[in-house]
Amino acid sequence: MKNLACVVGARPNFMKMAPLLRALNATGKANATLIHTGQHYDKTLSDVFFEQLEIQKPDVSLDVGSGTQAGQTAKILERIEPVLEAGGTNGKPFDYLVVVGDVNSTMAAAIAAAKLQIKVAHVEAGLRSFDRAMPEEINRIVTDSISDLLLVSDPAGIDHLKREGHPDSAIHLVGNLMIDTLMHSLEKSKSTSVLSDFKLMPKQYGVVTLHRPSNVDDKETLTGILKVLKKVSDELPIVFPIHPRTAARIESFGIQSLLDDAPGITVMPPQGYLEFLSLTSNSKVIVTDSGGLQEESTVMSIPCLTMRENTERPITVTEGSSTLVGNDAGLLAQQLQLVLDGKYDVGSCPAGWDGKAAGRIAKILVG
């Protein structure tokens with residue numbers, strides 16, 4: 001029986017950990033202690049995801065809340081160390097700490113475990129944007145550097161890890177956990193009422209999500225993006241589940257009128273996973289700076305205009321449905337017109353993104 005500490009902290013982690021916990025429990029060979037750092041502390045961003053993704057209640061909650069990059073990381077390090085020292089719910093030492101993704105919780109938990117001589121397994125290892133201005137890139141590099149098992153979602157990750165000197169024996173190509181959750185939840189998302197609530201017709205609207213500093217922290221940049229969205233909404237209605245950070249910037253910049261004067265744009269609060277999946281899976285196009293949405297849109301063959309200069313998921317561009325547009329309002333408008341004209345190429349689904357990654361990972365972890 002393997003004793004595992006499974007750590008989540010932010011919204012993307014929940015979607016990746018849910019299928020893995022199910023697969024581990026199905027083996028009958030794992031005792032998984034779920035540790036929630038509380039990096040995402042808002043109920044809309046956290047609690048509802050546990051409910052909808054059918055994740056067991058956390059065995060330990062660290063309640064770190066928000067803060068600076070350093071402050072949040074320090075809190076996690078301080079609070080998780082005694083938890084790891086105490087061992088699992090069965091009272092036995094942990095065989096592995098399992099972390100997913102690239103948030104502060106991922107890196108901090110991995111550091112704490114490594115210093116306690118607990119082996120670290122990193123799911124989504126090897127992703128690289130090669131942009132160290134992104135906090136997530138630092139988290140990825142640090143976490144991979146101290147991990148004993150590197151569980152990779154696409155072949156490019158293997159190349160990156162080998163180039164960084166990791167041994168072949170530590171690297172495993174397992175597929176994409178995010179897609180496991182997508183396939184598990186897609187049918188259930190159809191039972192939500194979000195489309196009827198907002199009077200939306202399938203494939204007759206676009207979805208927008210924005211939160212990264214490069215898009216929302218500069219008034220001129222954000223204004224340009226909103227003007228493009230306002231213009232296209234005359235032809236294609238837009239739904240905009242607005243991140244708290246983005247809403248705050250729009251208010252502080254005094255540009256709320258761009259949304260108020262756009263009847264074709266529907267602004268809504270952040271949605272639960274099932275509601276949001278219903279919105280994205282039925283959309284005509286997705287405009288986003290999210291990492292996970294690049295993957296989901298590729299599997300669902302939905303055009304994805306990615307508002308980033310680079311991506312740690314290049315396979316979604318080379319094989320899938322994503323196009324990098326940075327924060328270039330002109331390029332965004334150009335790509336949106338291709339979608340409206342029916343000329344956008346949605347590519348194909350990468351090998352191994354088949355909804356079975358969790359089973360492969362569980363087999364590696366329990367032996």
# chains A, B, ... in the order shown; residues from 1 in each chain; ligands from 1

$ select_by_dssp --residues "range 123-278 of chain A" --states "helix (DSSP H, G or I)" --output "tab-separated table (two decimals) with N, CA, C and O atoms, in the first residue's frame"
chain	number	residue	atom	x	y	z
A	135	PRO	N	5.68	33.72	-13.54
A	135	PRO	CA	5.92	33.00	-12.29
A	135	PRO	C	5.76	31.50	-12.45
A	135	PRO	O	6.48	30.72	-11.83
A	136	GLU	N	4.82	31.09	-13.31
A	136	GLU	CA	4.58	29.66	-13.51
A	136	GLU	C	5.81	28.95	-14.09
A	136	GLU	O	6.05	27.78	-13.80
A	137	GLU	N	6.57	29.65	-14.94
A	137	GLU	CA	7.74	29.03	-15.54
A	137	GLU	C	8.79	28.73	-14.47
A	137	GLU	O	9.42	27.67	-14.48
A	138	ILE	N	8.97	29.65	-13.54
A	138	ILE	CA	9.89	29.41	-12.43
A	138	ILE	C	9.42	28.21	-11.61
A	138	ILE	O	10.22	27.33	-11.24
A	139	ASN	N	8.11	28.17	-11.34
A	139	ASN	CA	7.56	27.05	-10.57
A	139	ASN	C	7.81	25.71	-11.27
A	139	ASN	O	8.14	24.71	-10.63
A	140	ARG	N	7.66	25.69	-12.60
A	140	ARG	CA	7.86	24.44	-13.35
A	140	ARG	C	9.32	23.98	-13.25
A	140	ARG	O	9.60	22.81	-12.99
A	141	ILE	N	10.23	24.91	-13.49
A	141	ILE	CA	11.65	24.55	-13.52
A	141	ILE	C	12.11	24.06	-12.15
A	141	ILE	O	12.80	23.03	-12.05
A	142	VAL	N	11.74	24.78	-11.11
A	142	VAL	CA	12.15	24.39	-9.76
A	142	VAL	C	11.55	23.04	-9.38
A	142	VAL	O	12.26	22.16	-8.86
A	143	THR	N	10.27	22.87	-9.64
A	143	THR	CA	9.61	21.61	-9.28
A	143	THR	C	10.24	20.42	-10.00
A	143	THR	O	10.54	19.39	-9.40
A	144	ASP	N	10.45	20.56	-11.30
A	144	ASP	CA	11.05	19.46	-12.06
A	144	ASP	C	12.46	19.14	-11.55
A	144	ASP	O	12.88	17.98	-11.51
A	145	SER	N	13.19	20.17	-11.15
A	145	SER	CA	14.59	19.96	-10.75
A	145	SER	C	14.73	19.11	-9.50
A	145	SER	O	15.78	18.50	-9.27
A	155	PRO	N	5.18	14.79	-25.96
A	155	PRO	CA	6.58	14.45	-26.26
A	155	PRO	C	7.56	15.60	-26.09
A	155	PRO	O	8.73	15.37	-25.78
A	156	ALA	N	7.13	16.84	-26.31
A	156	ALA	CA	8.05	17.97	-26.17
A	156	ALA	C	8.59	18.05	-24.75
A	156	ALA	O	9.75	18.42	-24.53
A	157	GLY	N	7.77	17.67	-23.77
A	157	GLY	CA	8.20	17.69	-22.38
A	157	GLY	C	9.36	16.74	-22.13
A	157	GLY	O	10.26	17.04	-21.33
A	158	ILE	N	9.34	15.60	-22.80
A	158	ILE	CA	10.45	14.64	-22.67
A	158	ILE	C	11.74	15.26	-23.18
A	158	ILE	O	12.79	15.18	-22.53
A	159	ASP	N	11.68	15.93	-24.32
A	159	ASP	CA	12.86	16.56	-24.88
A	159	ASP	C	13.42	17.62	-23.93
A	159	ASP	O	14.65	17.70	-23.73
A	160	HIS	N	12.54	18.43	-23.36
A	160	HIS	CA	12.99	19.48	-22.44
A	160	HIS	C	13.69	18.88	-21.23
A	160	HIS	O	14.75	19.36	-20.80
A	161	LEU	N	13.10	17.85	-20.66
A	161	LEU	CA	13.66	17.25	-19.44
A	161	LEU	C	14.99	16.56	-19.70
A	161	LEU	O	15.92	16.65	-18.91
A	162	LYS	N	15.10	15.88	-20.83
A	162	LYS	CA	16.38	15.24	-21.17
A	162	LYS	C	17.47	16.28	-21.39
A	162	LYS	O	18.62	16.09	-20.96
A	163	ARG	N	17.10	17.38	-22.03
A	163	ARG	CA	18.08	18.45	-22.27
A	163	ARG	C	18.54	19.06	-20.94
A	163	ARG	O	19.68	19.53	-20.84
A	168	ASP	N	16.49	9.09	-18.10
A	168	ASP	CA	15.35	8.47	-18.77
A	168	ASP	C	14.45	7.71	-17.80
A	168	ASP	O	13.22	7.68	-17.96
A	169	SER	N	15.05	7.10	-16.78
A	169	SER	CA	14.30	6.27	-15.84
A	169	SER	C	13.28	7.07	-15.03
A	169	SER	O	12.32	6.51	-14.50
A	170	ALA	N	13.48	8.39	-14.93
A	170	ALA	CA	12.58	9.23	-14.14
A	170	ALA	C	11.43	9.79	-14.97
A	170	ALA	O	10.45	10.31	-14.40
A	177	LEU	N	-3.96	14.77	-18.02
A	177	LEU	CA	-5.01	14.60	-17.01
A	177	LEU	C	-6.19	15.53	-17.21
A	177	LEU	O	-7.33	15.20	-16.86
A	178	MET	N	-5.93	16.74	-17.72
A	178	MET	CA	-7.02	17.68	-17.95
A	178	MET	C	-8.07	17.08	-18.88
A	178	MET	O	-9.28	17.32	-18.72
A	179	ILE	N	-7.62	16.29	-19.82
A	179	ILE	CA	-8.54	15.70	-20.78
A	179	ILE	C	-9.35	14.57	-20.12
A	179	ILE	O	-10.51	14.33	-20.48
A	180	ASP	N	-8.77	13.89	-19.14
A	180	ASP	CA	-9.52	12.90	-18.37
A	180	ASP	C	-10.76	13.55	-17.74
A	180	ASP	O	-11.88	13.01	-17.81
A	181	THR	N	-10.54	14.70	-17.12
A	181	THR	CA	-11.65	15.40	-16.47
A	181	THR	C	-12.65	15.91	-17.48
A	181	THR	O	-13.87	15.82	-17.27
A	182	LEU	N	-12.16	16.43	-18.59
A	182	LEU	CA	-13.05	16.90	-19.64
A	182	LEU	C	-13.98	15.78	-20.11
A	182	LEU	O	-15.21	15.96	-20.17
A	183	MET	N	-13.42	14.63	-20.41
A	183	MET	CA	-14.24	13.52	-20.93
A	183	MET	C	-15.17	12.96	-19.87
A	183	MET	O	-16.28	12.52	-20.16
A	184	HIS	N	-14.72	13.00	-18.60
A	184	HIS	CA	-15.56	12.51	-17.51
A	184	HIS	C	-16.76	13.42	-17.26
A	184	HIS	O	-17.83	12.95	-16.85
A	185	SER	N	-16.58	14.71	-17.55
A	185	SER	CA	-17.58	15.70	-17.14
A	185	SER	C	-18.44	16.24	-18.28
A	185	SER	O	-19.44	16.92	-18.03
A	186	LEU	N	-18.06	15.97	-19.52
A	186	LEU	CA	-18.73	16.60	-20.66
A	186	LEU	C	-20.22	16.30	-20.69
A	186	LEU	O	-21.05	17.21	-20.87
A	187	GLU	N	-20.59	15.05	-20.49
A	187	GLU	CA	-22.00	14.69	-20.52
A	187	GLU	C	-22.76	15.35	-19.37
A	187	GLU	O	-23.88	15.87	-19.55
A	188	LYS	N	-22.14	15.37	-18.20
A	188	LYS	CA	-22.78	15.97	-17.03
A	188	LYS	C	-22.99	17.48	-17.22
A	188	LYS	O	-23.98	18.05	-16.74
A	189	SER	N	-22.08	18.12	-17.96
A	189	SER	CA	-22.21	19.56	-18.16
A	189	SER	C	-23.45	19.93	-18.95
A	189	SER	O	-23.95	21.06	-18.87
A	194	VAL	N	-26.89	26.90	-17.83
A	194	VAL	CA	-26.21	28.16	-18.10
A	194	VAL	C	-26.53	28.70	-19.49
A	194	VAL	O	-26.69	29.92	-19.67
A	195	LEU	N	-26.67	27.84	-20.50
A	195	LEU	CA	-26.98	28.33	-21.84
A	195	LEU	C	-28.37	28.96	-21.88
A	195	LEU	O	-28.55	30.06	-22.42
A	196	SER	N	-29.34	28.28	-21.31
A	196	SER	CA	-30.70	28.83	-21.31
A	196	SER	C	-30.80	30.06	-20.41
A	196	SER	O	-31.53	31.01	-20.72
A	197	ASP	N	-30.06	30.05	-19.31
A	197	ASP	CA	-30.09	31.21	-18.40
A	197	ASP	C	-29.65	32.48	-19.11
A	197	ASP	O	-30.18	33.57	-18.84
A	213	PRO	N	-1.28	39.41	-16.31
A	213	PRO	CA	-0.83	40.81	-16.27
A	213	PRO	C	-0.54	41.40	-17.65
A	213	PRO	O	-0.83	42.57	-17.89
A	214	SER	N	0.02	40.61	-18.56
A	214	SER	CA	0.38	41.12	-19.88
A	214	SER	C	-0.84	41.61	-20.66
A	214	SER	O	-0.73	42.43	-21.58
A	215	ASN	N	-2.02	41.12	-20.30
A	215	ASN	CA	-3.25	41.51	-20.98
A	215	ASN	C	-4.08	42.53	-20.22
A	215	ASN	O	-4.78	43.35	-20.83
A	216	VAL	N	-4.04	42.48	-18.90
A	216	VAL	CA	-4.99	43.29	-18.13
A	216	VAL	C	-4.36	44.38	-17.27
A	216	VAL	O	-5.08	45.22	-16.73
A	219	LYS	N	-3.44	49.79	-19.27
A	219	LYS	CA	-4.71	50.36	-19.73
A	219	LYS	C	-4.84	50.33	-21.24
A	219	LYS	O	-5.89	49.94	-21.77
A	220	GLU	N	-3.79	50.74	-21.96
A	220	GLU	CA	-3.87	50.79	-23.42
A	220	GLU	C	-4.07	49.40	-24.01
A	220	GLU	O	-4.89	49.21	-24.93
A	221	THR	N	-3.36	48.41	-23.48
A	221	THR	CA	-3.50	47.04	-23.98
A	221	THR	C	-4.90	46.51	-23.75
A	221	THR	O	-5.54	45.97	-24.67
A	222	LEU	N	-5.39	46.63	-22.52
A	222	LEU	CA	-6.71	46.11	-22.20
A	222	LEU	C	-7.79	46.84	-22.97
A	222	LEU	O	-8.77	46.23	-23.44
A	223	THR	N	-7.63	48.14	-23.14
A	223	THR	CA	-8.60	48.92	-23.92
A	223	THR	C	-8.68	48.42	-25.35
A	223	THR	O	-9.77	48.24	-25.91
A	224	GLY	N	-7.51	48.16	-25.96
A	224	GLY	CA	-7.49	47.67	-27.34
A	224	GLY	C	-8.19	46.33	-27.49
A	224	GLY	O	-8.94	46.11	-28.44
A	225	ILE	N	-7.96	45.43	-26.53
A	225	ILE	CA	-8.59	44.11	-26.57
A	225	ILE	C	-10.11	44.25	-26.45
A	225	ILE	O	-10.87	43.63	-27.21
A	226	LEU	N	-10.55	45.06	-25.49
A	226	LEU	CA	-11.99	45.23	-25.27
A	226	LEU	C	-12.67	45.87	-26.48
A	226	LEU	O	-13.82	45.53	-26.81
A	227	LYS	N	-11.98	46.77	-27.16
A	227	LYS	CA	-12.57	47.40	-28.36
A	227	LYS	C	-12.79	46.37	-29.46
A	227	LYS	O	-13.82	46.40	-30.16
A	228	VAL	N	-11.84	45.44	-29.63
A	228	VAL	CA	-12.00	44.38	-30.63
A	228	VAL	C	-13.18	43.49	-30.27
A	228	VAL	O	-14.01	43.14	-31.11
A	229	LEU	N	-13.26	43.11	-28.99
A	229	LEU	CA	-14.35	42.26	-28.55
A	229	LEU	C	-15.70	42.95	-28.71
A	229	LEU	O	-16.69	42.33	-29.11
A	230	LYS	N	-15.73	44.25	-28.42
A	230	LYS	CA	-16.97	45.01	-28.59
A	230	LYS	C	-17.41	45.00	-30.05
A	230	LYS	O	-18.59	44.79	-30.35
A	231	LYS	N	-16.45	45.20	-30.96
A	231	LYS	CA	-16.79	45.25	-32.38
A	231	LYS	C	-17.29	43.90	-32.88
A	231	LYS	O	-18.31	43.81	-33.58
A	232	VAL	N	-16.59	42.82	-32.52
A	232	VAL	CA	-17.00	41.50	-33.02
A	232	VAL	C	-18.32	41.07	-32.41
A	232	VAL	O	-19.07	40.29	-33.02
A	244	PRO	N	-11.76	38.21	-11.07
A	244	PRO	CA	-11.73	39.36	-10.16
A	244	PRO	C	-10.61	40.35	-10.47
A	244	PRO	O	-10.80	41.56	-10.38
A	245	ARG	N	-9.44	39.84	-10.87
A	245	ARG	CA	-8.32	40.71	-11.21
A	245	ARG	C	-8.67	41.61	-12.39
A	245	ARG	O	-8.40	42.83	-12.38
A	246	THR	N	-9.28	41.02	-13.41
A	246	THR	CA	-9.62	41.77	-14.61
A	246	THR	C	-10.70	42.81	-14.32
A	246	THR	O	-10.62	43.95	-14.79
A	247	ALA	N	-11.69	42.43	-13.54
A	247	ALA	CA	-12.75	43.37	-13.18
A	247	ALA	C	-12.18	44.57	-12.44
A	247	ALA	O	-12.59	45.72	-12.68
A	248	ALA	N	-11.23	44.31	-11.55
A	248	ALA	CA	-10.62	45.40	-10.78
A	248	ALA	C	-9.85	46.35	-11.69
A	248	ALA	O	-9.88	47.58	-11.51
A	249	ARG	N	-9.14	45.79	-12.69
A	249	ARG	CA	-8.37	46.64	-13.61
A	249	ARG	C	-9.30	47.49	-14.49
A	249	ARG	O	-9.03	48.67	-14.73
A	250	ILE	N	-10.36	46.90	-14.97
A	250	ILE	CA	-11.32	47.64	-15.80
A	250	ILE	C	-11.89	48.82	-15.02
A	250	ILE	O	-12.00	49.94	-15.53
A	251	GLU	N	-12.20	48.59	-13.77
A	251	GLU	CA	-12.75	49.67	-12.93
A	251	GLU	C	-11.70	50.75	-12.66
A	251	GLU	O	-11.97	51.95	-12.81
A	252	SER	N	-10.49	50.32	-12.31
A	252	SER	CA	-9.45	51.30	-11.96
A	252	SER	C	-9.01	52.12	-13.18
A	252	SER	O	-8.61	53.28	-13.04
A	253	PHE	N	-9.07	51.52	-14.37
A	253	PHE	CA	-8.68	52.23	-15.59
A	253	PHE	C	-9.80	53.14	-16.11
A	253	PHE	O	-9.60	53.91	-17.04
A	257	SER	N	-17.17	51.54	-19.43
A	257	SER	CA	-18.14	51.91	-20.46
A	257	SER	C	-17.99	51.07	-21.73
A	257	SER	O	-18.95	50.87	-22.47
A	258	LEU	N	-16.76	50.56	-21.99
A	258	LEU	CA	-16.57	49.72	-23.17
A	258	LEU	C	-17.42	48.46	-23.10
A	258	LEU	O	-17.87	47.95	-24.13
A	259	LEU	N	-17.64	47.96	-21.90
A	259	LEU	CA	-18.50	46.79	-21.73
A	259	LEU	C	-19.96	47.20	-21.60
A	259	LEU	O	-20.85	46.55	-22.17
A	260	ASP	N	-20.20	48.28	-20.88
A	260	ASP	CA	-21.59	48.73	-20.68
A	260	ASP	C	-22.25	49.11	-22.00
A	260	ASP	O	-23.46	48.94	-22.17
A	273	TYR	N	-17.13	24.59	-12.62
A	273	TYR	CA	-16.50	23.86	-13.72
A	273	TYR	C	-17.52	23.36	-14.73
A	273	TYR	O	-17.33	23.49	-15.95
A	274	LEU	N	-18.61	22.78	-14.28
A	274	LEU	CA	-19.59	22.21	-15.20
A	274	LEU	C	-20.26	23.30	-16.04
A	274	LEU	O	-20.47	23.13	-17.24
A	275	GLU	N	-20.60	24.43	-15.40
A	275	GLU	CA	-21.21	25.53	-16.14
A	275	GLU	C	-20.24	26.08	-17.18
A	275	GLU	O	-20.61	26.36	-18.32
A	276	PHE	N	-18.97	26.22	-16.76
A	276	PHE	CA	-17.99	26.77	-17.68
A	276	PHE	C	-17.71	25.80	-18.83
A	276	PHE	O	-17.56	26.20	-19.99
A	277	LEU	N	-17.68	24.51	-18.53
A	277	LEU	CA	-17.49	23.51	-19.58
A	277	LEU	C	-18.65	23.53	-20.56
A	277	LEU	O	-18.46	23.38	-21.77
A	278	SER	N	-19.85	23.74	-20.05
A	278	SER	CA	-21.01	23.86	-20.94
A	278	SER	C	-20.85	25.06	-21.87
A	278	SER	O	-21.12	24.97	-23.07

$ residues_around --residues "Met107 in chain A" --least-positions-apart "3" --cutoff "12 Å" --atoms "only C-alpha atoms" --output "PyMOL selection string"
chain A and resi 7-9+37+69-70+72-74+76-77+80+97-104+110-114+120-123+125+135-147

$ atom_distance --atom1 "CA of Glu81 in chain A" --atom2 "CA of Ala10 in chain A"
19.0 Å

$ closest_residue --among "A:Ile302, A:Ile118, A:Val366, A:Ile255" --to "Gly28 in chain A" --atoms "only C-alpha atoms"
A:Val366

$ closest_residue --among "A:Glu78, A:Asp63, A:Glu295, A:Asp341" --to "Ser153 in chain A" --atoms "only C-alpha atoms"
A:Glu295

$ select_by_dssp --residues "range 213-339 of chain A" --states "strand (DSSP E)" --output "ChimeraX atom specification"
/A:238-241,265-268,285-288,304-306,322-324

$ closest_residue --among "A:Glu312, A:Asp148, A:Asp354, A:Asp345" --to "Lys119 in chain A" --atoms "only C-alpha atoms"
A:Asp148

$ atom_distance --atom1 "CA of Phe50 in chain A" --atom2 "CA of Phe14 in chain A"
7.1 Å

$ residues_around --residues "Asp154 in chain A" --least-positions-apart "6" --cutoff "9 Å" --atoms "only C-alpha atoms" --output "JSON, numbers by chain"
{"A": [124, 126, 127, 173, 174, 175, 176, 313, 315, 350, 351, 352, 353]}

$ atom_distance --atom1 "CA of Met201 in chain A" --atom2 "CA of Ile286 in chain A"
15.1 Å

$ closest_residue --among "A:Lys29, A:His172, A:Lys16, A:Lys92" --to "Ile55 in chain A" --atoms "only C-alpha atoms"
A:Lys16
